[in-house]
file coords-v2.txt (compact mmCIF, C-alpha atoms and all ligand atoms)
# COMPACT_ATOMS: atom_id res chain seq x y z
CA MET A 140 173.83 80.23 201.20
CA PRO A 141 171.89 81.09 204.41
CA LEU A 142 169.96 78.74 206.69
CA THR A 143 166.57 77.94 205.20
CA GLY A 144 163.18 76.96 206.55
CA LEU A 145 163.79 78.01 210.17
CA GLU A 146 161.09 80.64 209.88
CA ASN A 147 158.51 78.09 208.82
CA SER A 148 155.93 78.40 211.60
CA GLU A 149 155.41 74.63 211.86
CA LEU A 150 159.06 74.08 212.79
CA LYS A 151 159.13 74.29 216.58
CA MET A 152 162.41 72.83 217.79
CA ILE A 153 165.84 73.45 216.23
CA ILE A 154 168.75 71.57 217.81
CA PHE A 155 172.37 72.58 217.26
CA GLY A 156 175.06 69.94 217.82
CA GLY A 157 178.59 68.94 216.86
CA LYS A 158 182.15 68.50 218.02
CA GLY A 159 183.50 70.50 220.97
CA GLY A 160 184.35 74.13 220.30
CA VAL A 161 183.08 74.36 216.69
CA GLY A 162 180.58 77.15 217.37
CA LYS A 163 177.35 75.37 218.44
CA THR A 164 176.46 77.86 221.18
CA SER A 165 177.28 80.90 219.03
CA CYS A 166 175.20 79.58 216.09
CA ALA A 167 172.30 78.54 218.34
CA ILE A 168 172.04 81.95 220.02
CA ALA A 169 172.59 83.90 216.80
CA SER A 170 169.78 81.87 215.14
CA ALA A 171 167.53 82.46 218.13
CA ILE A 172 168.18 86.21 217.86
CA GLY A 173 167.20 86.04 214.18
CA LEU A 174 164.03 84.05 214.89
CA ALA A 175 163.03 86.38 217.74
CA GLU A 176 162.48 89.14 215.18
CA ARG A 177 159.33 87.28 214.11
CA TYR A 178 158.64 84.70 216.80
CA LYS A 179 158.57 84.50 220.57
CA THR A 180 161.69 82.36 220.95
CA LEU A 181 163.28 80.41 223.77
CA VAL A 182 166.93 79.39 223.54
CA ILE A 183 167.75 76.46 225.81
CA SER A 184 171.11 75.09 226.86
CA THR A 185 171.28 71.39 227.68
CA ASP A 186 175.06 71.54 228.01
CA PRO A 187 176.18 71.00 231.63
CA ALA A 188 178.91 73.56 230.91
CA HIS A 189 176.17 76.15 230.17
CA SER A 190 177.87 78.77 228.07
CA ILE A 191 174.86 80.76 226.89
CA SER A 192 175.31 83.13 229.81
CA ASP A 193 178.95 83.70 228.75
CA SER A 194 178.10 84.04 225.10
CA LEU A 195 175.29 86.54 225.74
CA ASP A 196 177.32 88.20 228.46
CA GLN A 197 174.23 88.03 230.71
CA HIS A 198 173.34 85.76 233.58
CA ILE A 199 170.70 83.19 232.54
CA GLY A 200 170.34 80.27 234.98
CA PHE A 201 167.73 77.57 235.61
CA LYS A 202 164.67 79.80 235.27
CA VAL A 203 163.43 81.30 232.01
CA HIS A 204 165.07 84.67 231.66
CA GLN A 205 164.16 87.45 229.22
CA VAL A 206 167.29 88.35 227.26
CA ASP A 207 168.12 92.02 227.88
CA THR A 208 167.56 94.32 224.93
CA VAL A 209 166.28 91.55 222.64
CA PRO A 210 162.48 91.68 222.67
CA ASN A 211 160.85 88.27 222.19
CA LEU A 212 163.97 86.31 223.15
CA PHE A 213 164.08 84.22 226.30
CA ALA A 214 166.76 81.87 227.56
CA LEU A 215 166.96 78.90 229.89
CA GLU A 216 169.71 76.59 231.10
CA ILE A 217 168.58 73.06 231.91
CA SER A 218 170.41 70.70 234.22
CA ALA A 219 169.70 67.03 233.53
CA ASP A 220 170.95 66.13 236.98
CA LYS A 221 168.73 68.72 238.65
CA ALA A 222 165.74 67.58 236.57
CA PHE A 223 166.36 63.97 237.71
CA GLN A 224 166.71 64.96 241.37
CA GLU A 225 163.41 66.83 241.11
CA PHE A 226 161.75 63.82 239.50
CA LYS A 227 163.05 61.59 242.28
CA LYS A 228 161.82 63.97 244.96
CA GLU A 229 158.40 64.25 243.36
CA HIS A 230 158.05 60.48 242.79
CA GLU A 231 159.92 59.03 245.75
CA ARG A 232 156.84 57.20 247.09
CA GLU A 233 156.03 55.67 243.71
CA LEU A 234 159.64 54.59 243.10
CA ILE A 235 159.93 52.95 246.53
CA LYS A 236 156.63 51.18 245.90
CA LEU A 237 157.85 50.03 242.50
CA PHE A 238 161.11 48.59 243.84
CA ASP A 239 159.41 47.18 246.92
CA THR A 240 156.63 45.32 245.13
CA SER A 241 158.61 44.22 242.11
CA THR A 242 161.73 42.86 243.73
CA THR A 243 162.83 40.88 246.74
CA LEU A 244 165.04 43.70 247.95
CA ASP A 245 165.07 44.76 251.60
CA ASP A 246 164.75 48.38 252.73
CA ASP A 247 168.50 49.06 252.62
CA ASP A 248 168.78 47.65 249.10
CA ILE A 249 165.83 49.76 248.01
CA GLN A 250 167.48 52.86 249.42
CA GLU A 251 170.59 51.95 247.45
CA MET A 252 168.49 51.49 244.28
CA MET A 253 167.03 54.97 244.90
CA ASN A 254 170.53 56.41 244.86
CA LEU A 255 171.31 54.84 241.50
CA SER A 256 170.31 56.51 238.29
CA ILE A 257 167.71 55.09 235.96
CA PRO A 258 169.16 54.82 232.43
CA GLY A 259 168.25 57.81 230.30
CA ILE A 260 166.02 59.43 232.88
CA ASP A 261 168.16 62.55 233.50
CA GLU A 262 168.07 63.50 229.85
CA VAL A 263 164.44 62.50 229.42
CA MET A 264 163.57 64.85 232.27
CA SER A 265 165.48 67.67 230.50
CA PHE A 266 163.49 67.00 227.36
CA LYS A 267 160.31 66.85 229.39
CA THR A 268 160.93 70.44 230.52
CA ILE A 269 161.13 71.46 226.86
CA ILE A 270 158.20 69.38 225.67
CA ASP A 271 155.96 70.67 228.49
CA LEU A 272 156.75 74.22 227.38
CA ILE A 273 156.05 73.31 223.74
CA GLU A 274 152.73 71.74 224.64
CA LYS A 275 151.78 74.78 226.73
CA ASN A 276 152.42 76.86 223.60
CA GLU A 277 154.39 79.39 225.64
CA TYR A 278 156.87 80.11 222.86
CA GLU A 279 156.74 79.77 219.11
CA LYS A 280 160.33 78.60 218.56
CA TYR A 281 162.66 76.52 220.72
CA VAL A 282 166.36 76.61 219.90
CA VAL A 283 168.40 73.97 221.70
CA ASP A 284 172.16 74.25 222.27
CA THR A 285 173.76 70.90 223.12
CA ALA A 286 177.03 69.75 224.63
CA PRO A 287 179.65 68.15 222.31
CA THR A 288 178.61 65.11 220.24
CA GLY A 289 178.89 62.27 222.78
CA HIS A 290 176.71 64.02 225.30
CA ALA A 291 174.23 65.17 222.66
CA LEU A 292 173.90 61.60 221.41
CA ARG A 293 173.22 60.43 224.94
CA LEU A 294 170.48 63.04 225.10
CA LEU A 295 168.96 61.81 221.83
CA SER A 296 169.23 58.15 222.79
CA SER A 297 167.66 58.76 226.22
CA PRO A 298 164.03 58.04 225.23
CA GLY A 299 165.10 54.60 223.91
CA LEU A 300 167.18 53.84 227.01
CA LEU A 301 164.42 54.80 229.40
CA ASP A 302 161.88 52.89 227.33
CA GLY A 303 163.93 49.72 227.89
CA TRP A 304 163.93 50.33 231.65
CA ILE A 305 160.16 51.01 231.67
CA LYS A 306 159.54 47.73 229.82
CA MET A 307 161.59 45.82 232.38
CA ALA A 308 159.83 47.55 235.30
CA ALA A 309 156.43 46.90 233.70
CA LYS A 310 157.29 43.21 233.35
CA MET A 311 158.16 43.01 237.06
CA ARG A 312 154.93 44.81 237.90
CA TRP A 313 153.03 42.39 235.71
CA LYS A 314 154.31 39.49 237.83
CA TYR A 315 153.30 41.36 240.99
CA ARG A 316 149.87 42.11 239.52
CA TYR A 317 149.43 38.45 238.56
CA MET A 318 150.27 37.39 242.12
CA ILE A 319 147.81 39.85 243.67
CA GLU A 320 145.09 38.84 241.22
CA SER A 321 145.64 35.15 241.95
CA PHE A 322 145.28 35.75 245.70
CA SER A 323 142.58 38.36 245.88
CA GLY A 324 140.80 38.06 242.55
CA ASN A 325 141.28 41.66 241.53
CA TYR A 326 143.98 44.29 241.18
CA ASN A 327 143.63 48.06 241.38
CA GLU A 328 146.20 50.23 239.65
CA ASP A 329 148.40 51.98 242.20
CA GLU A 330 150.63 55.07 242.08
CA ALA A 331 153.65 53.10 240.80
CA ASP A 332 151.59 51.93 237.77
CA VAL A 333 150.46 55.49 237.11
CA MET A 334 154.06 56.76 237.32
CA LEU A 335 155.27 54.10 234.85
CA LEU A 336 152.43 54.92 232.48
CA ASN A 337 153.22 58.63 232.66
CA LEU A 338 156.91 57.96 232.05
CA LYS A 339 155.98 55.88 229.02
CA LYS A 340 153.81 58.73 227.72
CA THR A 341 156.68 61.19 228.18
CA VAL A 342 159.06 58.92 226.25
CA THR A 343 156.53 58.58 223.43
CA ARG A 344 155.93 62.35 223.30
CA ILE A 345 159.69 63.03 223.07
CA SER A 346 160.37 60.33 220.47
CA SER A 347 157.54 61.50 218.27
CA LEU A 348 158.64 65.14 218.46
CA LEU A 349 162.27 64.24 217.64
CA SER A 350 161.30 62.11 214.66
CA ASN A 351 158.81 64.63 213.29
CA GLY A 352 160.81 66.38 210.56
CA THR A 353 158.19 69.13 210.20
CA LYS A 354 158.42 70.10 213.85
CA CYS A 355 162.03 69.32 214.69
CA GLU A 356 165.30 69.82 212.86
CA PHE A 357 168.88 69.11 213.90
CA ILE A 358 171.59 71.40 212.54
CA PRO A 359 175.13 70.02 212.85
CA VAL A 360 177.87 72.61 213.22
CA CYS A 361 181.25 71.66 211.80
CA ILE A 362 184.56 73.32 210.89
CA PRO A 363 186.67 72.54 207.80
CA GLU A 364 189.05 70.14 209.55
CA ASP A 365 189.41 66.40 209.20
CA MET A 366 188.42 65.36 212.74
CA ALA A 367 185.38 67.62 212.82
CA ILE A 368 184.18 66.32 209.45
CA GLN A 369 184.60 62.67 210.52
CA GLU A 370 182.73 63.34 213.76
CA THR A 371 179.91 65.08 211.88
CA ALA A 372 179.61 62.08 209.56
CA ARG A 373 179.21 59.79 212.59
CA LEU A 374 176.74 62.19 214.18
CA LEU A 375 174.59 62.24 211.04
CA LYS A 376 174.58 58.46 210.93
CA GLU A 377 173.28 58.35 214.52
CA LEU A 378 170.67 61.00 213.76
CA GLY A 379 169.46 58.77 210.93
CA LYS A 380 169.04 55.89 213.40
CA TYR A 381 166.78 58.05 215.57
CA ARG A 382 164.98 59.35 212.46
CA ILE A 383 165.85 62.95 213.33
CA ALA A 384 165.71 65.31 210.34
CA SER A 385 168.90 67.10 209.39
CA ARG A 386 168.68 69.08 206.17
CA GLN A 387 171.46 71.66 206.50
CA LEU A 388 174.86 71.90 208.05
CA ILE A 389 176.88 74.90 209.22
CA LEU A 390 180.52 74.96 208.19
CA ASN A 391 181.99 77.49 210.58
CA ASN A 392 185.32 79.31 210.81
CA VAL A 393 185.89 79.36 207.07
CA MET A 394 188.79 81.64 206.11
CA GLU A 395 187.88 83.92 203.28
CA SER A 396 191.01 85.97 203.12
CA ASP A 397 193.07 85.81 199.96
CA GLU A 398 196.19 87.19 201.57
CA ALA A 399 199.47 85.41 201.06
CA GLY A 400 201.26 83.66 203.95
CA PHE A 401 199.76 81.89 206.98
CA CYS A 402 196.11 82.70 206.13
CA HIS A 403 196.59 81.58 202.58
CA GLN A 404 198.02 78.23 203.66
CA ARG A 405 195.20 77.67 206.12
CA ARG A 406 192.71 78.54 203.43
CA VAL A 407 194.24 76.05 201.00
CA ALA A 408 193.97 73.34 203.68
CA GLN A 409 190.40 74.37 204.41
CA MET A 410 189.43 74.27 200.72
CA LYS A 411 190.29 70.57 200.68
CA TYR A 412 188.01 69.88 203.63
CA ILE A 413 185.24 72.12 202.31
CA ALA A 414 185.28 70.03 199.11
CA GLN A 415 185.33 66.83 201.20
CA ALA A 416 182.35 68.05 203.24
CA GLY A 417 180.49 68.77 199.99
CA GLN A 418 181.09 65.17 198.88
CA LEU A 419 180.39 63.51 202.21
CA PHE A 420 177.26 65.52 203.03
CA LYS A 421 175.80 65.44 199.55
CA GLY A 422 172.11 66.23 199.64
CA MET A 423 172.48 68.56 202.59
CA GLN A 424 172.59 72.30 202.29
CA ILE A 425 175.93 73.65 203.51
CA VAL A 426 175.90 77.08 205.13
CA THR A 427 179.38 78.55 205.38
CA VAL A 428 180.28 81.02 208.12
CA PRO A 429 183.53 82.98 207.91
CA VAL A 430 185.95 83.21 210.76
CA PHE A 431 185.32 86.54 212.48
CA PRO A 432 188.24 88.80 213.35
CA GLU A 433 187.13 88.75 216.99
CA GLU A 434 185.53 86.14 219.26
CA ILE A 435 181.73 85.98 219.12
CA LYS A 436 180.74 87.25 222.52
CA GLY A 437 177.97 89.66 223.40
CA LEU A 438 174.96 90.78 221.40
CA GLU A 439 176.73 92.93 218.86
CA ALA A 440 178.95 90.07 217.64
CA LEU A 441 176.07 87.58 217.83
CA LYS A 442 173.96 89.85 215.62
CA LYS A 443 176.73 89.86 213.02
CA LEU A 444 176.67 86.07 213.06
CA ARG A 445 172.87 86.18 212.76
CA ASP A 446 173.27 88.27 209.62
CA VAL A 447 175.53 85.64 208.11
CA LEU A 448 173.23 82.77 209.08
CA PHE A 449 170.09 84.51 207.86
CA GLY A 450 171.57 85.88 204.68
CA ASP A 451 172.00 89.58 205.37
CA ARG A 452 175.72 90.06 205.15
CA THR A 453 175.77 93.83 205.38
CA THR A 454 177.20 93.76 208.91
CA ALA A 455 179.11 90.49 208.53
CA PRO A 456 182.90 90.49 208.46
CA VAL A 457 184.64 90.16 205.11
N1 LIG B 501 183.00 82.17 213.11
C1 LIG B 501 183.71 82.43 214.20
N2 LIG B 501 184.68 83.36 214.18
C2 LIG B 501 185.41 83.66 215.28
N3 LIG B 501 185.23 83.07 216.47
C3 LIG B 501 184.25 82.12 216.54
C4 LIG B 501 183.44 81.75 215.43
N4 LIG B 501 182.56 80.81 215.84
C5 LIG B 501 182.81 80.59 217.14
N5 LIG B 501 183.82 81.38 217.57
C6 LIG B 501 184.44 81.42 218.90
O1 LIG B 501 184.88 80.11 219.19
C7 LIG B 501 184.69 79.78 220.54
C8 LIG B 501 183.81 78.53 220.65
O2 LIG B 501 182.51 78.87 220.19
P1 LIG B 501 181.21 78.22 220.86
O3 LIG B 501 181.25 78.39 222.33
O4 LIG B 501 180.05 78.77 220.12
O5 LIG B 501 181.47 76.71 220.47
P2 LIG B 501 180.76 75.41 221.05
O6 LIG B 501 180.75 74.42 219.92
O7 LIG B 501 179.46 75.77 221.64
O8 LIG B 501 181.78 74.96 222.18
P3 LIG B 501 181.54 73.82 223.30
O9 LIG B 501 181.70 72.50 222.60
O10 LIG B 501 182.63 74.10 224.28
O11 LIG B 501 180.16 74.02 223.84
C9 LIG B 501 184.05 81.00 221.18
O12 LIG B 501 185.05 81.76 221.79
C10 LIG B 501 183.46 81.76 220.01
O13 LIG B 501 183.42 83.15 220.25
MG MG B 502 178.70 75.36 223.60

call {"tool": "encode", "arguments": {"input": "coords-v2.txt", "output": "structure tokens"}}
result
Amino acid sequence: MPLTGLENSELKMIIFGGKGGVGKTSCAIASAIGLAERYKTLVISTDPAHSISDSLDQHIGFKVHQVDTVPNLFALEISADKAFQEFKKEHERELIKLFDTSTTLDDDDIQEMMNLSIPGIDEVMSFKTIIDLIEKNEYEKYVVDTAPTGHALRLLSSPGLLDGWIKMAAKMRWKYRYMIESFSGNYNEDEADVMLLNLKKTVTRISSLLSNGTKCEFIPVCIPEDMAIQETARLLKELGKYRIASRQLILNNVMESDEAGFCHQRRVAQMKYIAQAGQLFKGMQIVTVPVFPEEIKGLEALKKLRDVLFGDRTTAPV
């Protein structure tokens, strides 16, 4: 059964995630190629290891890049660390003001605070890049390739983490505001207040997009092996906590050969896990993808995978 609903025009963001090496990047790009036939599509890598360039066999990088020979498909690699450094550069004055007025730290301590990270902010800034593009309506579909599970979960938990920090900072500011008001009778919002408010708005925008099942869907990619299935089960549990919709799952690298010998034995082992996945992920649609005879690298191979994912198996391997 192919992937369903991705072509629904209301669905904006499709996130692919799962255990290391199971085929997330390949499935994300192949889906983006399929979607680009109807929609202006942007495929985004949030994985610090950035493999979309390798998979497409084209250099992508930190600026939106039109994918060669695929009309309507654009690609972008996002660096959470770079996004955070840019945020810090842009808001240095506000951050210093925030630390200075809300704490009893001296200048050296404040400088040290500036060198520390703010929980969740790197990832929130990555998401902000995506959400700004979505709100500008630049593209019709956004396909997100993530790093292996732990990192992807950090990405998804980032709005909550940063929200906690904002609340704490706002509380400290409240004390400062109270002090100023007691002395001078009035308090005018300053740039640190505006920055906190804008951060809060960003967190709210991200959380509401992620938990909007009409606009955002997470597709776990798994392989028929015990560890991958267990990790997918944990991933789905976490997604439930963040109220992120996940309706279908890709089971990749399935051996379809009926030959005797090594392949046959692997297939027998896989059958057990395919059945287990069916039980464990009841209620979800399972999309099986066969193991290809060659690695999935370059457009030709990616288009074959697209055909499997979108249901046209004429060019898919048997
Ligand atoms: N169905 C398949 N048949 C054959 N090779 C595959 C298949 N799916 C993925 N591969 C190959 O497996 C390797 C890993 O795939 P991919 O990079 O898409 O996985 P990933 O989950 O994104 O990995 P990482 O966790 O490192 O980001 C690649 O060399 C890819 O070409
Ligand atoms: Mg990858």

call {"tool": "axis_aligned_box", "arguments": {"input": "coords-v2.txt", "around": "region 218-233 of chain A", "padding_each_side": "4 Å", "output": "AutoDock Vina command-line options"}}
result
--center_x 163.5 --center_y 63.2 --center_z 240.3 --size_x 22.9 --size_y 23.0 --size_z 21.6

call {"tool": "residues_near_ligand", "arguments": {"input": "coords-v2.txt", "ligand": "ligand MG 502 (chain B)", "cutoff": "10 Å", "atoms": "only C-alpha atoms and all ligand atoms", "output": "VMD selection string"}}
result
chain A and resid 155 to 167 184 to 191 193 to 194 284 to 287

call {"tool": "closest_residue", "arguments": {"input": "coords-v2.txt", "among": "A:Ala372, A:Leu174, A:Leu195, A:Ala384", "to": "ligand LIG 501 (chain B)", "atoms": "only C-alpha atoms and all ligand atoms"}}
result
A:Leu195

call {"tool": "residues_near_point", "arguments": {"input": "coords-v2.txt", "point": "(161.5, 66.6, 214.0)", "cutoff": "9 Å", "atoms": "all atoms listed in the file", "output": "list in words"}}
result
Leu150, Lys151, Met152, Ile153, Ser347, Leu348, Leu349, Ser350, Asn351, Gly352, Thr353, Lys354, Cys355, Glu356, Phe357, Arg382, Ile383, Ala384 and Ser385 of chain A

call {"tool": "atom_distance", "arguments": {"input": "coords-v2.txt", "atom1": "CA of Glu279 (chain A)", "atom2": "CA of Glu149 (chain A)"}}
result
9.0 Å

call {"tool": "residues_around", "arguments": {"input": "coords-v2.txt", "residues": "Arg445 (chain A)", "least_positions_apart": "6", "cutoff": "8 Å", "atoms": "all atoms listed in the file", "output": "PyMOL selection string"}}
result
chain A and resi 166+169-170+172-173

call {"tool": "atom_distance", "arguments": {"input": "coords-v2.txt", "atom1": "CA of Ser297 (chain A)", "atom2": "CA of Ile358 (chain A)"}}
result
19.0 Å

call {"tool": "closest_residue", "arguments": {"input": "coords-v2.txt", "among": "A:Leu419, A:Asp271, A:Ile183, A:Ala408", "to": "His204 (chain A)", "atoms": "only C-alpha atoms"}}
result
A:Ile183

call {"tool": "closest_residue", "arguments": {"input": "coords-v2.txt", "among": "A:Ser323, A:Ser192, A:Ser296, A:Thr268", "to": "ligand LIG 501 (chain B)", "atoms": "all atoms listed in the file"}}
result
A:Ser192

call {"tool": "closest_residue", "arguments": {"input": "coords-v2.txt", "among": "A:Asp196, A:Glu395, A:Glu146, A:Asp332", "to": "Ile435 (chain A)", "atoms": "all atoms listed in the file"}}
result
A:Asp196

call {"tool": "closest_residue", "arguments": {"input": "coords-v2.txt", "among": "A:Ile362, A:Cys402, A:Leu292, A:Leu272", "to": "ligand LIG 501 (chain B)", "atoms": "all atoms listed in the file"}}
result
A:Ile362

call {"tool": "residues_around", "arguments": {"input": "coords-v2.txt", "residues": "Ile413 (chain A)", "least_positions_apart": "5", "cutoff": "10 Å", "atoms": "only C-alpha atoms", "output": "list in words"}}
result
Ile362, Pro363, Glu364, Asp365, Ile368, Leu390, Val393, Arg406, Val407, Ala408, Gln418, Leu419, Ile425 and Thr427 of chain A

call {"tool": "write_last_selection", "arguments": {"input": "coords-v2.txt", "atoms": "C-alpha atoms", "output": "mmCIF file, in the coordinates of the input"}}
result
data_model
loop_
_atom_site.group_PDB
_atom_site.id
_atom_site.type_symbol
_atom_site.label_atom_id
_atom_site.label_comp_id
_atom_site.auth_asym_id
_atom_site.auth_seq_id
_atom_site.Cartn_x
_atom_site.Cartn_y
_atom_site.Cartn_z
ATOM 1 C CA ILE A 362 184.560 73.320 210.890
ATOM 2 C CA PRO A 363 186.670 72.540 207.800
ATOM 3 C CA GLU A 364 189.050 70.140 209.550
ATOM 4 C CA ASP A 365 189.410 66.400 209.200
ATOM 5 C CA ILE A 368 184.180 66.320 209.450
ATOM 6 C CA LEU A 390 180.520 74.960 208.190
ATOM 7 C CA VAL A 393 185.890 79.360 207.070
ATOM 8 C CA ARG A 406 192.710 78.540 203.430
ATOM 9 C CA VAL A 407 194.240 76.050 201.000
ATOM 10 C CA ALA A 408 193.970 73.340 203.680
ATOM 11 C CA GLN A 418 181.090 65.170 198.880
ATOM 12 C CA LEU A 419 180.390 63.510 202.210
ATOM 13 C CA ILE A 425 175.930 73.650 203.510
ATOM 14 C CA THR A 427 179.380 78.550 205.380
#

call {"tool": "residues_around", "arguments": {"input": "coords-v2.txt", "residues": "Arg312 (chain A)", "least_positions_apart": "2", "cutoff": "10 Å", "atoms": "all atoms listed in the file", "output": "list of chain:residue names"}}
result
A:Leu237, A:Phe238, A:Thr240, A:Ser241, A:Thr242, A:Lys306, A:Met307, A:Ala308, A:Ala309, A:Lys310, A:Lys314, A:Tyr315, A:Arg316, A:Tyr317, A:Met318, A:Ala331, A:Asp332, A:Leu335

call {"tool": "atom_distance", "arguments": {"input": "coords-v2.txt", "atom1": "CA of Glu433 (chain A)", "atom2": "CA of Asn392 (chain A)"}}
result
11.4 Å

call {"tool": "closest_residue", "arguments": {"input": "coords-v2.txt", "among": "A:Asn391, A:Asn337, A:Thr180, A:Gln415", "to": "Asn276 (chain A)", "atoms": "all atoms listed in the file"}}
result
A:Thr180

call {"tool": "residues_around", "arguments": {"input": "coords-v2.txt", "residues": "Gln424 (chain A)", "least_positions_apart": "5", "cutoff": "7 Å", "atoms": "all atoms listed in the file", "output": "MDAnalysis selection string"}}
result
chainID A and resid 386:388

call {"tool": "residues_around", "arguments": {"input": "coords-v2.txt", "residues": "Ala219 (chain A)", "least_positions_apart": "4", "cutoff": "7 Å", "atoms": "only C-alpha atoms", "output": "list in words"}}
result
Phe223, Asp261, Glu262, Met264 and Ser265 of chain A

call {"tool": "build_atoms", "arguments": {"input": "coords-v2.txt", "residues": "region 277-295 of chain A", "atoms": "N, CA and C atoms", "output": "short mmCIF file (atom, residue, chain, number, x, y, z; two decimals), in the frame of the given file"}}
result
data_model
loop_
_atom_site.label_atom_id
_atom_site.label_comp_id
_atom_site.auth_asym_id
_atom_site.auth_seq_id
_atom_site.Cartn_x
_atom_site.Cartn_y
_atom_site.Cartn_z
N GLU A 277 153.87 78.16 225.04
CA GLU A 277 154.39 79.39 225.64
C GLU A 277 155.24 80.19 224.66
N TYR A 278 155.98 79.46 223.82
CA TYR A 278 156.87 80.11 222.86
C TYR A 278 156.57 79.55 221.48
N GLU A 279 157.02 80.27 220.47
CA GLU A 279 156.74 79.77 219.11
C GLU A 279 157.92 78.99 218.54
N LYS A 280 159.13 79.30 219.03
CA LYS A 280 160.33 78.60 218.56
C LYS A 280 161.20 78.21 219.75
N TYR A 281 161.78 77.02 219.66
CA TYR A 281 162.66 76.52 220.72
C TYR A 281 164.00 76.17 220.06
N VAL A 282 165.04 76.86 220.48
CA VAL A 282 166.36 76.61 219.90
C VAL A 282 167.20 75.93 220.98
N VAL A 283 167.70 74.74 220.67
CA VAL A 283 168.40 73.97 221.70
C VAL A 283 169.90 73.90 221.40
N ASP A 284 170.69 74.34 222.38
CA ASP A 284 172.16 74.25 222.27
C ASP A 284 172.59 73.00 223.05
N THR A 285 173.36 72.14 222.43
CA THR A 285 173.76 70.90 223.12
C THR A 285 175.25 70.91 223.45
N ALA A 286 175.62 69.95 224.30
CA ALA A 286 177.03 69.75 224.63
C ALA A 286 177.68 69.00 223.45
N PRO A 287 179.01 68.86 223.43
CA PRO A 287 179.65 68.15 222.31
C PRO A 287 179.06 66.76 222.03
N THR A 288 179.31 66.28 220.81
CA THR A 288 178.61 65.11 220.24
C THR A 288 178.22 63.98 221.19
N GLY A 289 179.18 63.44 221.95
CA GLY A 289 178.89 62.27 222.78
C GLY A 289 177.73 62.52 223.72
N HIS A 290 177.76 63.67 224.35
CA HIS A 290 176.71 64.02 225.30
C HIS A 290 175.38 64.24 224.58
N ALA A 291 175.46 64.90 223.42
CA ALA A 291 174.23 65.17 222.66
C ALA A 291 173.59 63.86 222.21
N LEU A 292 174.45 62.89 221.84
CA LEU A 292 173.90 61.60 221.41
C LEU A 292 173.24 60.87 222.58
N ARG A 293 173.83 61.03 223.76
CA ARG A 293 173.22 60.43 224.94
C ARG A 293 171.83 61.04 225.16
N LEU A 294 171.77 62.34 224.95
CA LEU A 294 170.48 63.04 225.10
C LEU A 294 169.46 62.46 224.11
N LEU A 295 169.90 62.28 222.85
CA LEU A 295 168.96 61.81 221.83
C LEU A 295 168.61 60.34 222.00
#
